[in-house]
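Engineer: Below is the file query27.cif, with mmCIF, C-alpha atoms.
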```cif
data_my_file
loop_
_atom_site.label_atom_id
_atom_site.label_comp_id
_atom_site.auth_asym_id
_atom_site.auth_seq_id
_atom_site.Cartn_x
_atom_site.Cartn_y
_atom_site.Cartn_z
CA MET A 1 -67.17 125.29 -113.30
CA ARG A 2 -65.23 122.77 -111.23
CA THR A 3 -61.68 123.27 -109.97
CA ILE A 4 -59.20 120.45 -110.53
CA PRO A 5 -57.06 119.96 -107.42
CA ALA A 6 -53.34 120.35 -107.97
CA VAL A 7 -52.74 116.94 -106.38
CA LEU A 8 -54.62 115.36 -109.30
CA THR A 9 -52.85 117.31 -112.03
CA ARG A 10 -49.38 116.50 -110.69
CA PRO A 11 -49.49 112.75 -111.56
CA ARG A 12 -50.65 113.68 -115.06
CA ALA A 13 -47.69 116.00 -115.48
CA TRP A 14 -45.30 113.30 -114.29
CA ALA A 15 -46.86 110.77 -116.67
CA ALA A 16 -46.52 113.19 -119.59
CA ALA A 17 -42.89 113.91 -118.70
CA CYS A 18 -42.12 110.18 -118.55
CA LEU A 19 -43.68 109.59 -121.96
CA VAL A 20 -41.61 112.41 -123.45
CA LEU A 21 -38.39 111.02 -121.94
CA LEU A 22 -39.18 107.54 -123.23
CA ALA A 23 -39.74 108.91 -126.74
CA PHE A 24 -36.49 110.91 -126.93
CA PRO A 25 -34.30 108.12 -128.43
CA PHE A 26 -36.66 107.93 -131.41
CA TYR A 27 -36.22 111.61 -132.30
CA LEU A 28 -32.97 113.04 -130.88
CA ASP A 29 -29.51 112.67 -132.38
CA ARG A 30 -26.50 111.18 -130.60
CA PHE A 31 -25.24 114.47 -129.12
CA TRP A 32 -28.44 115.16 -127.21
CA LEU A 33 -28.74 111.57 -126.01
CA GLN A 34 -25.16 111.57 -124.72
CA ALA A 35 -25.72 114.94 -123.07
CA GLY A 36 -28.81 113.52 -121.39
CA LEU A 37 -26.88 110.45 -120.24
CA PHE A 38 -24.16 112.62 -118.72
CA ALA A 39 -26.91 114.55 -116.93
CA MET A 40 -28.44 111.30 -115.61
CA ALA A 41 -25.08 110.11 -114.30
CA ALA A 42 -24.48 113.51 -112.68
CA ALA A 43 -27.94 113.43 -111.09
CA ILE A 44 -27.30 109.97 -109.62
CA GLY A 45 -24.00 111.14 -108.13
CA ALA A 46 -25.66 114.33 -106.87
CA LEU A 47 -28.32 112.25 -105.08
CA GLY A 48 -25.53 110.56 -103.14
CA ILE A 49 -23.70 113.68 -102.05
CA ASN A 50 -27.02 115.36 -101.26
CA LEU A 51 -27.78 112.59 -98.77
CA LEU A 52 -24.42 113.25 -97.15
CA THR A 53 -24.08 117.02 -97.33
CA GLY A 54 -27.66 118.22 -97.79
CA ALA A 55 -29.43 115.88 -95.39
CA THR A 56 -26.71 115.01 -92.86
CA GLY A 57 -24.65 118.21 -93.04
CA GLN A 58 -21.36 116.42 -93.72
CA LEU A 59 -19.04 118.21 -96.15
CA SER A 60 -17.28 115.86 -98.57
CA MET A 61 -14.62 116.90 -101.08
CA GLY A 62 -13.83 113.36 -102.17
CA HIS A 63 -16.91 112.42 -104.18
CA ALA A 64 -14.89 112.14 -107.40
CA PHE A 65 -12.75 109.43 -105.78
CA PHE A 66 -15.75 107.14 -105.41
CA LEU A 67 -16.88 107.83 -108.97
CA ALA A 68 -13.42 106.67 -110.08
CA VAL A 69 -13.72 103.54 -107.93
CA GLY A 70 -17.01 102.69 -109.64
CA ALA A 71 -15.76 103.42 -113.16
CA TYR A 72 -12.42 101.62 -112.89
CA GLY A 73 -13.90 98.86 -110.76
CA TYR A 74 -16.35 98.06 -113.54
CA CYS A 75 -13.51 97.99 -116.10
CA ALA A 76 -11.43 95.66 -113.92
CA PHE A 77 -14.29 93.28 -113.20
CA ALA A 78 -15.67 93.18 -116.76
CA GLY A 79 -12.38 93.40 -118.71
CA ASP A 80 -11.06 90.26 -120.40
CA GLY A 81 -7.37 91.14 -120.13
CA ALA A 82 -6.92 91.40 -123.91
CA ASP A 83 -5.50 94.92 -123.50
CA ARG A 84 -2.91 93.58 -121.01
CA LEU A 85 -4.71 95.28 -118.14
CA VAL A 86 -6.27 93.65 -115.11
CA GLY A 87 -9.58 92.04 -116.07
CA LEU A 88 -11.60 89.28 -114.45
CA GLY A 89 -13.91 88.71 -117.42
CA LEU A 90 -17.11 88.76 -115.37
CA PRO A 91 -20.54 89.36 -116.96
CA GLY A 92 -21.24 93.08 -117.36
CA TRP A 93 -24.22 93.19 -115.01
CA LEU A 94 -22.27 91.41 -112.27
CA ALA A 95 -19.27 93.68 -112.84
CA ALA A 96 -21.51 96.74 -112.42
CA VAL A 97 -22.99 95.41 -109.16
CA LEU A 98 -19.54 94.57 -107.81
CA ALA A 99 -18.20 98.00 -108.83
CA VAL A 100 -20.97 99.72 -106.85
CA ALA A 101 -20.28 97.40 -103.92
CA LEU A 102 -16.56 98.19 -104.19
CA ALA A 103 -17.31 101.92 -103.98
CA GLY A 104 -19.43 101.21 -100.90
CA LEU A 105 -16.59 99.18 -99.42
CA ALA A 106 -14.18 102.05 -100.04
CA GLY A 107 -16.65 104.35 -98.30
CA GLY A 108 -16.92 101.82 -95.47
CA VAL A 109 -13.15 101.88 -94.94
CA PHE A 110 -13.30 105.65 -94.60
CA SER A 111 -16.61 105.71 -92.67
CA PRO A 112 -15.10 105.56 -89.15
CA ILE A 113 -13.40 108.87 -89.93
CA ALA A 114 -16.59 110.24 -91.48
CA GLY A 115 -18.55 109.23 -88.40
CA ARG A 116 -16.36 111.23 -86.06
CA LEU A 117 -15.44 114.32 -88.07
CA GLN A 118 -17.72 117.10 -89.21
CA GLY A 119 -17.71 120.30 -91.21
CA ALA A 120 -14.42 121.56 -92.63
CA TYR A 121 -12.47 118.81 -90.85
CA LEU A 122 -14.26 116.10 -92.82
CA GLY A 123 -13.89 118.16 -95.99
CA ILE A 124 -10.11 118.31 -95.54
CA ALA A 125 -9.94 114.60 -94.69
CA THR A 126 -11.93 113.60 -97.79
CA LEU A 127 -9.76 115.91 -99.88
CA ALA A 128 -6.92 113.50 -99.20
CA LEU A 129 -8.90 110.83 -101.07
CA ILE A 130 -8.62 112.89 -104.27
CA PHE A 131 -4.82 113.08 -104.02
CA ILE A 132 -4.54 109.38 -103.20
CA GLY A 133 -6.91 108.46 -106.01
CA GLN A 134 -5.11 110.60 -108.59
CA HIS A 135 -1.76 109.07 -107.63
CA VAL A 136 -3.12 105.54 -107.99
CA LEU A 137 -4.95 106.25 -111.25
CA PHE A 138 -1.89 107.74 -112.92
CA ASN A 139 0.65 105.22 -111.64
CA ALA A 140 -1.14 101.84 -111.38
CA HIS A 141 -0.70 101.20 -115.12
CA GLY A 142 -1.64 97.54 -114.96
CA LEU A 143 -5.02 98.39 -113.44
CA THR A 144 -5.95 101.81 -114.81
CA GLY A 145 -3.93 102.15 -117.99
CA GLY A 146 -2.13 105.19 -116.61
CA PHE A 147 -2.52 108.60 -118.20
CA ASN A 148 -4.29 107.27 -121.32
CA GLY A 149 -6.90 105.38 -119.29
CA ARG A 150 -8.51 102.15 -120.44
CA ALA A 151 -11.34 101.09 -122.71
CA VAL A 152 -14.68 100.25 -121.08
CA PRO A 153 -16.19 96.83 -121.85
CA PRO A 154 -19.83 97.06 -123.01
CA LEU A 155 -22.57 96.00 -120.64
CA SER A 156 -24.83 93.06 -121.51
CA LEU A 157 -28.18 92.73 -119.78
CA PHE A 158 -31.22 90.59 -120.65
CA GLY A 159 -29.63 89.60 -123.93
CA ILE A 160 -29.03 93.23 -124.97
CA THR A 161 -25.49 94.50 -125.42
CA PHE A 162 -25.18 98.23 -124.79
CA ASP A 163 -22.74 98.97 -127.59
CA ASP A 164 -22.99 100.33 -131.14
CA SER A 165 -24.23 97.07 -132.57
CA GLU A 166 -27.45 98.06 -134.29
CA LEU A 167 -30.82 97.14 -132.82
CA VAL A 168 -33.85 98.21 -134.86
CA VAL A 169 -36.93 99.28 -132.88
CA ALA A 170 -39.99 100.62 -134.77
CA ALA A 171 -37.80 101.18 -137.85
CA VAL A 172 -35.37 103.29 -135.77
CA PRO A 173 -31.76 102.02 -135.38
CA PHE A 174 -30.72 101.91 -131.75
CA GLY A 175 -27.01 102.28 -130.99
CA ALA A 176 -25.19 102.52 -127.68
CA ALA A 177 -26.62 105.93 -126.74
CA GLU A 178 -30.22 104.90 -127.43
CA LYS A 179 -29.91 101.68 -125.43
CA LEU A 180 -28.11 103.31 -122.54
CA TRP A 181 -30.77 106.03 -122.41
CA TYR A 182 -33.35 103.63 -121.02
CA LEU A 183 -30.84 102.05 -118.64
CA GLY A 184 -29.89 105.51 -117.36
CA LEU A 185 -33.55 106.45 -116.86
CA ALA A 186 -34.20 103.25 -114.90
CA LEU A 187 -31.15 103.76 -112.68
CA LEU A 188 -31.99 107.41 -112.03
CA LEU A 189 -35.61 106.61 -111.20
CA ALA A 190 -34.61 103.80 -108.85
CA GLY A 191 -31.96 105.96 -107.18
CA ALA A 192 -34.34 108.90 -106.75
CA LEU A 193 -37.12 106.75 -105.30
CA PHE A 194 -34.73 105.06 -102.88
CA ALA A 195 -33.27 108.39 -101.74
CA ARG A 196 -36.79 109.79 -101.34
CA GLY A 197 -37.75 106.80 -99.20
CA VAL A 198 -34.66 107.23 -97.04
CA LEU A 199 -35.27 110.94 -96.48
CA ARG A 200 -38.98 110.55 -95.75
CA GLY A 201 -38.54 107.59 -93.41
CA ARG A 202 -37.02 107.16 -90.01
CA PRO A 203 -33.38 107.41 -91.22
CA GLY A 204 -34.18 110.74 -92.88
CA ARG A 205 -35.62 112.19 -89.71
CA ALA A 206 -32.58 110.98 -87.78
CA VAL A 207 -30.00 112.46 -90.15
CA ASN A 208 -31.91 115.74 -90.32
CA ALA A 209 -31.83 115.90 -86.54
CA ILE A 210 -28.08 115.26 -86.63
CA ARG A 211 -27.63 118.02 -89.20
CA ASP A 212 -29.71 120.55 -87.27
CA HIS A 213 -28.40 119.81 -83.77
CA ARG A 214 -25.91 117.02 -83.27
CA ILE A 215 -25.81 117.15 -79.46
CA ALA A 216 -29.59 117.16 -79.12
CA ALA A 217 -29.83 114.20 -81.50
CA GLY A 218 -27.37 112.27 -79.33
CA VAL A 219 -29.37 113.10 -76.21
CA LEU A 220 -32.49 111.72 -77.92
CA GLY A 221 -30.72 108.41 -78.39
CA ILE A 222 -29.75 108.70 -82.05
CA PRO A 223 -26.36 107.00 -82.71
CA VAL A 224 -24.75 109.97 -84.42
CA ALA A 225 -21.48 108.35 -85.49
CA ARG A 226 -23.24 105.24 -86.82
CA TYR A 227 -25.72 107.23 -88.91
CA ARG A 228 -23.00 109.45 -90.31
CA ALA A 229 -20.91 106.44 -91.27
CA ALA A 230 -23.88 104.67 -92.87
CA VAL A 231 -24.86 107.70 -94.94
CA PHE A 232 -21.23 108.06 -96.07
CA VAL A 233 -21.26 104.47 -97.33
CA LEU A 234 -24.60 105.01 -99.10
CA SER A 235 -23.32 108.21 -100.69
CA SER A 236 -20.23 106.33 -101.90
CA MET A 237 -22.40 103.67 -103.52
CA TYR A 238 -24.41 106.32 -105.38
CA ALA A 239 -21.13 107.78 -106.60
CA GLY A 240 -19.95 104.33 -107.69
CA LEU A 241 -23.15 103.81 -109.67
CA ALA A 242 -22.72 107.20 -111.33
CA GLY A 243 -19.12 106.24 -112.17
CA VAL A 244 -20.25 103.02 -113.84
CA LEU A 245 -22.81 104.86 -115.97
CA LEU A 246 -20.27 107.54 -116.91
CA ALA A 247 -17.79 104.87 -117.96
CA LEU A 248 -20.38 103.17 -120.15
CA VAL A 249 -21.25 106.49 -121.82
CA PHE A 250 -17.66 107.70 -122.27
CA GLN A 251 -16.52 104.21 -123.37
CA ARG A 252 -13.09 105.11 -121.96
CA THR A 253 -11.96 106.04 -118.45
CA VAL A 254 -9.45 108.89 -118.13
CA PRO A 255 -7.77 109.59 -114.73
CA GLU A 256 -7.66 113.34 -115.23
CA TYR A 257 -11.46 113.54 -115.25
CA PHE A 258 -11.80 112.28 -111.66
CA GLY A 259 -10.05 115.21 -110.01
CA MET A 260 -10.88 117.94 -107.53
CA LEU A 261 -12.87 119.98 -110.06
CA LEU A 262 -15.36 117.13 -110.41
CA SER A 263 -15.93 117.07 -106.64
CA LEU A 264 -16.46 120.83 -106.63
CA GLU A 265 -18.97 120.47 -109.46
CA TYR A 266 -20.99 118.01 -107.40
CA LEU A 267 -21.07 120.42 -104.48
CA ALA A 268 -22.25 123.11 -106.89
CA MET A 269 -25.01 120.79 -108.12
CA ILE A 270 -26.62 120.32 -104.74
CA VAL A 271 -26.29 123.99 -103.75
CA ILE A 272 -27.85 125.19 -107.02
CA GLY A 273 -30.55 122.52 -107.06
CA GLY A 274 -31.43 122.60 -103.37
CA LEU A 275 -29.78 121.03 -100.33
CA GLY A 276 -31.56 118.07 -98.82
CA SER A 277 -34.00 117.67 -101.71
CA VAL A 278 -34.14 114.72 -104.12
CA ALA A 279 -35.63 116.87 -106.87
CA GLY A 280 -33.04 119.56 -106.15
CA ALA A 281 -30.18 117.08 -106.61
CA VAL A 282 -31.60 116.00 -109.97
CA ILE A 283 -32.18 119.58 -111.13
CA GLY A 284 -28.71 120.69 -110.03
CA GLY A 285 -27.07 117.68 -111.67
CA VAL A 286 -28.81 118.35 -114.96
CA PHE A 287 -28.00 122.07 -114.85
CA VAL A 288 -24.28 121.75 -114.07
CA SER A 289 -23.65 118.81 -116.42
CA LEU A 290 -25.55 120.21 -119.41
CA LEU A 291 -24.18 123.75 -119.25
CA PRO A 292 -20.64 123.07 -120.56
CA GLN A 293 -21.96 120.75 -123.26
CA LEU A 294 -24.42 123.35 -124.52
CA LEU A 295 -21.75 126.05 -124.47
CA ASN A 296 -19.42 123.79 -126.42
CA ARG A 297 -22.16 122.95 -128.93
CA TYR A 298 -23.11 126.58 -129.58
CA SER A 299 -19.76 128.28 -128.91
CA ASP A 300 -19.69 129.71 -132.45
CA ALA A 301 -22.92 131.61 -131.85
CA LEU A 302 -22.09 132.92 -128.36
CA PRO A 303 -20.05 136.05 -127.60
CA LEU A 304 -16.70 135.64 -125.80
CA VAL A 305 -17.02 131.83 -125.89
CA SER A 306 -14.87 129.96 -128.39
CA ALA A 307 -12.95 126.75 -128.84
CA PRO A 308 -9.82 126.34 -126.66
CA GLY A 309 -6.74 128.09 -128.09
CA THR A 310 -8.66 130.53 -130.29
CA GLY A 311 -8.47 133.58 -128.02
CA GLY A 312 -11.84 133.48 -126.30
CA ILE A 313 -13.08 131.77 -123.16
CA ALA A 314 -13.21 127.98 -123.48
CA PRO A 315 -16.71 126.48 -123.03
CA GLY A 316 -15.67 124.50 -119.95
CA GLU A 317 -14.15 127.56 -118.31
CA ALA A 318 -17.19 129.68 -119.18
CA ALA A 319 -19.44 127.03 -117.66
CA ARG A 320 -17.49 127.18 -114.39
CA TYR A 321 -17.89 130.95 -114.29
CA LEU A 322 -21.63 130.65 -114.87
CA TYR A 323 -22.43 127.98 -112.31
CA GLY A 324 -20.05 129.66 -109.87
CA ALA A 325 -22.15 132.80 -110.27
CA ALA A 326 -25.26 130.62 -109.92
CA VAL A 327 -23.97 129.30 -106.57
CA VAL A 328 -23.44 132.85 -105.29
CA ALA A 329 -26.88 133.93 -106.54
CA VAL A 330 -28.59 130.94 -104.92
CA VAL A 331 -26.83 131.47 -101.58
CA LEU A 332 -27.72 135.18 -101.52
CA PHE A 333 -31.19 135.29 -103.05
CA LEU A 334 -32.61 131.76 -103.19
CA PRO A 335 -31.38 129.70 -100.22
CA GLY A 336 -33.62 126.76 -101.09
CA GLY A 337 -32.14 126.37 -104.58
CA LEU A 338 -33.89 126.04 -107.93
CA VAL A 339 -36.28 123.44 -106.56
CA ARG A 340 -37.63 126.01 -104.10
CA LEU A 341 -38.18 128.44 -106.95
CA ALA A 342 -40.05 125.79 -108.94
CA ALA A 343 -42.23 124.94 -105.91
CA ARG A 344 -42.98 128.63 -105.33
CA ARG A 345 -44.10 129.11 -108.93
CA THR A 346 -46.29 126.00 -108.72
CA ARG A 347 -48.03 127.36 -105.63
CA GLN A 348 -48.58 130.74 -107.28
CA GLN A 349 -50.16 129.30 -110.43
CA PRO A 350 -53.98 129.19 -110.32
CA SER A 351 -55.61 125.79 -110.43
CA GLY A 352 -57.00 124.60 -113.75
CA GLU A 353 -60.70 124.40 -114.33
CA GLU A 354 -62.88 121.79 -115.93
CA ARG A 355 -66.22 122.46 -117.51
#
```
Could you express the structure from this file as structure tokens?
Structural biologist:
Amino acid sequence: MRTIPAVLTRPRAWAAACLVLLAFPFYLDRFWLQAGLFAMAAAIGALGINLLTGATGQLSMGHAFFLAVGAYGYCAFAGDGADRLVGLGLPGWLAAVLAVALAGLAGGVFSPIAGRLQGAYLGIATLALIFIGQHVLFNAHGLTGGFNGRAVPPLSLFGITFDDSELVVAAVPFGAAEKLWYLGLALLLAGALFARGVLRGRPGRAVNAIRDHRIAAGVLGIPVARYRAAVFVLSSMYAGLAGVLLALVFQRTVPEYFGMLLSLEYLAMIVIGGLGSVAGAVIGGVFVSLLPQLLNRYSDALPLVSAPGTGGIAPGEAARYLYGAAVVAVVLFLPGGLVRLAARRTRQQPSGEER
């Protein structure tokens, strides 16, 4: 009997998981694909705020502002002006890149403040971004469409248009959700690998030192303000990318969505998943984004949960209660988040054997 080391079985598990994810569009209906896409967008945004809050220790309440910059920036760059709103008519892929860059630029404008403030002071300062953003989104009608929002132009990449025009693959019709599924997977994988490289490299060690002891990090020669500002810009770009993907999935941007509750949800994601962990950000993003959708889908079969206006608890409200309770439970009983629990169970499982 020969024991198989866990380090060898882990790549096999990852390969199997990737194959399953790649096969989903061939078997799942539109609801599950859209739910998965929302989870991917949430995970990308959670990676960004986890770099800022989890790794650097900087509290941000304005993450939703940068998601809005990405979403509306893409609409403005890619729009053709046919709806009488601002539109430059750029190719979709270029509009997406510029929208992410615009979110980074917005973060760069705020980064001098982020580099000098910390803790609750930065949280209060970034909270102002939400109020400013909401005012602009509701009142800049020529740019945002006001309260009703604006339609999102489809993305075209490598000759493929990510809309509901039918594309048949292996006798399976691919619509917008099926096409966007693979784009979302690619963006999430790239974002996770990049964040992992940042955290495991020299910048990661520097920001962890800043988080653990700011004064000692400065004594060691680490430029504290510069690193904080740089991570804030990077976090803003992740949020902008998440905003672009959300816009493509929703197919319409609505100002009300990018409010304070969305920022609080992103903080809940990284606390539940695990602060400072790439896998934790992904797990937390999937958990918090899928929960209200599942409650809405199965509200008829769940006690106390019902459609809004029917006397029970609305699915969205019930979801907030549940992941609020999850935050409290994680803080009290599982400080490392769900990723720590998964790692603990992996260590406790006996190694497989091969004859």
Engineer: When the PyMOL selection byres ((chain A and resi 72) around 12) is applied to the structure above, which residues does it catch, written out as a PyMOL selection string?
Structural biologist: chain A and resi 65-71+73-79+85-87+95-96+98-100+102-103+133+136-137+140-146+149-153+240-248+251-255+258
Engineer: As a ChimeraX atom specification, please: the residues near stretch 110-121 of chain A (cut-off 10 Å, all atoms listed in the file, same-chain neighbours under 2 positions excluded).
Structural biologist: /A:53,56-61,104-108,123-127,129,211,223-233,236
Engineer: Could you pull the residues within 12 Å of A:Ile272, counting all atoms listed in the file, minus those fewer than 4 positions along the same chain, as a ChimeraX atom specification?
Structural biologist: /A:46,50,54,265-268,276-277,279-288,322-341
Engineer: Please write the residues picked by the PyMOL selection byres ((chain A and resi 176) around 7) on this file as a VMD selection string.
Structural biologist: chain A and resid 162 to 164 174 to 175 177 to 180
Engineer: May I ask for the distance between atom CA of A:Leu37 and atom CA of A:Trp181, given in Å to one decimal place?
Structural biologist: 6.3 Å
Engineer: What is the atom CA of A:Ile222-atom CA of A:Asn208 distance in Å, reported with one decimal?
Structural biologist: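 Calculated distance between atom CA of A:Ile222 and atom CA of A:Asn208 is 11.1 Å.
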Engineer: Would you compute the distance between atom CA of A:Leu183 and atom CA of A:Val249? Give it in Å to one decimal.
Structural biologist: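 For atom CA of A:Leu183 relative to atom CA of A:Val249, the distance reads 11.0 Å.
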Engineer: Between A:Ile313, A:Ala39, A:Ile160, A:Leu52, which residue has the minimum interatomic distance to A:Leu122, considering all atoms listed in the file?
Structural biologist: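 Going through A:Ile313, A:Ala39, A:Ile160, A:Leu52 one by one, the smallest distance to A:Leu122 is for A:Leu52.
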Engineer: Written as a ChimeraX atom specification, what is the full residue list that the PyMOL selection byres ((chain A and resi 27-30) around 10) yields on the file shown?
Structural biologist: /A:23-26,31-36,172,175-178
Engineer: Would you export the selected residues with C-alpha atoms as a PDB file, in the coordinates of the input, please?
Structural biologist:
```
ATOM      1  CA  ALA A  23     -39.740 108.910-126.740  1.00  0.00           C
ATOM      2  CA  PHE A  24     -36.490 110.910-126.930  1.00  0.00           C
ATOM      3  CA  PRO A  25     -34.300 108.120-128.430  1.00  0.00           C
ATOM      4  CA  PHE A  26     -36.660 107.930-131.410  1.00  0.00           C
ATOM      5  CA  PHE A  31     -25.240 114.470-129.120  1.00  0.00           C
ATOM      6  CA  TRP A  32     -28.440 115.160-127.210  1.00  0.00           C
ATOM      7  CA  LEU A  33     -28.740 111.570-126.010  1.00  0.00           C
ATOM      8  CA  GLN A  34     -25.160 111.570-124.720  1.00  0.00           C
ATOM      9  CA  ALA A  35     -25.720 114.940-123.070  1.00  0.00           C
ATOM     10  CA  GLY A  36     -28.810 113.520-121.390  1.00  0.00           C
ATOM     11  CA  VAL A 172     -35.370 103.290-135.770  1.00  0.00           C
ATOM     12  CA  GLY A 175     -27.010 102.280-130.990  1.00  0.00           C
ATOM     13  CA  ALA A 176     -25.190 102.520-127.680  1.00  0.00           C
ATOM     14  CA  ALA A 177     -26.620 105.930-126.740  1.00  0.00           C
ATOM     15  CA  GLU A 178     -30.220 104.900-127.430  1.00  0.00           C
TER      16      GLU A 178
END
```
Engineer: Kindly provide, as an MDAnalysis selection string, the polymer residues lying within 10 Å of (-20.4, 122.4, -118.7), counting all atoms listed in the file and using the coordinates exactly as they appear in the file.
Structural biologist: chainID A and resid 265 287:296 315:323
Engineer: With distances taken over all atoms listed in the file, which of A:Leu157, A:Ile44, A:Leu21, A:Ile130 is nearest to A:Leu264?
Structural biologist: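 Going through A:Leu157, A:Ile44, A:Leu21, A:Ile130 one by one, the smallest distance to A:Leu264 is for A:Ile130.
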Engineer: Which residue gives the smallest distance to A:Gly89 among A:Arg214, A:Leu261, A:Leu155, A:Leu188, with only C-alpha atoms counted?
Structural biologist: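 The closest residue to A:Gly89 is A:Leu155.
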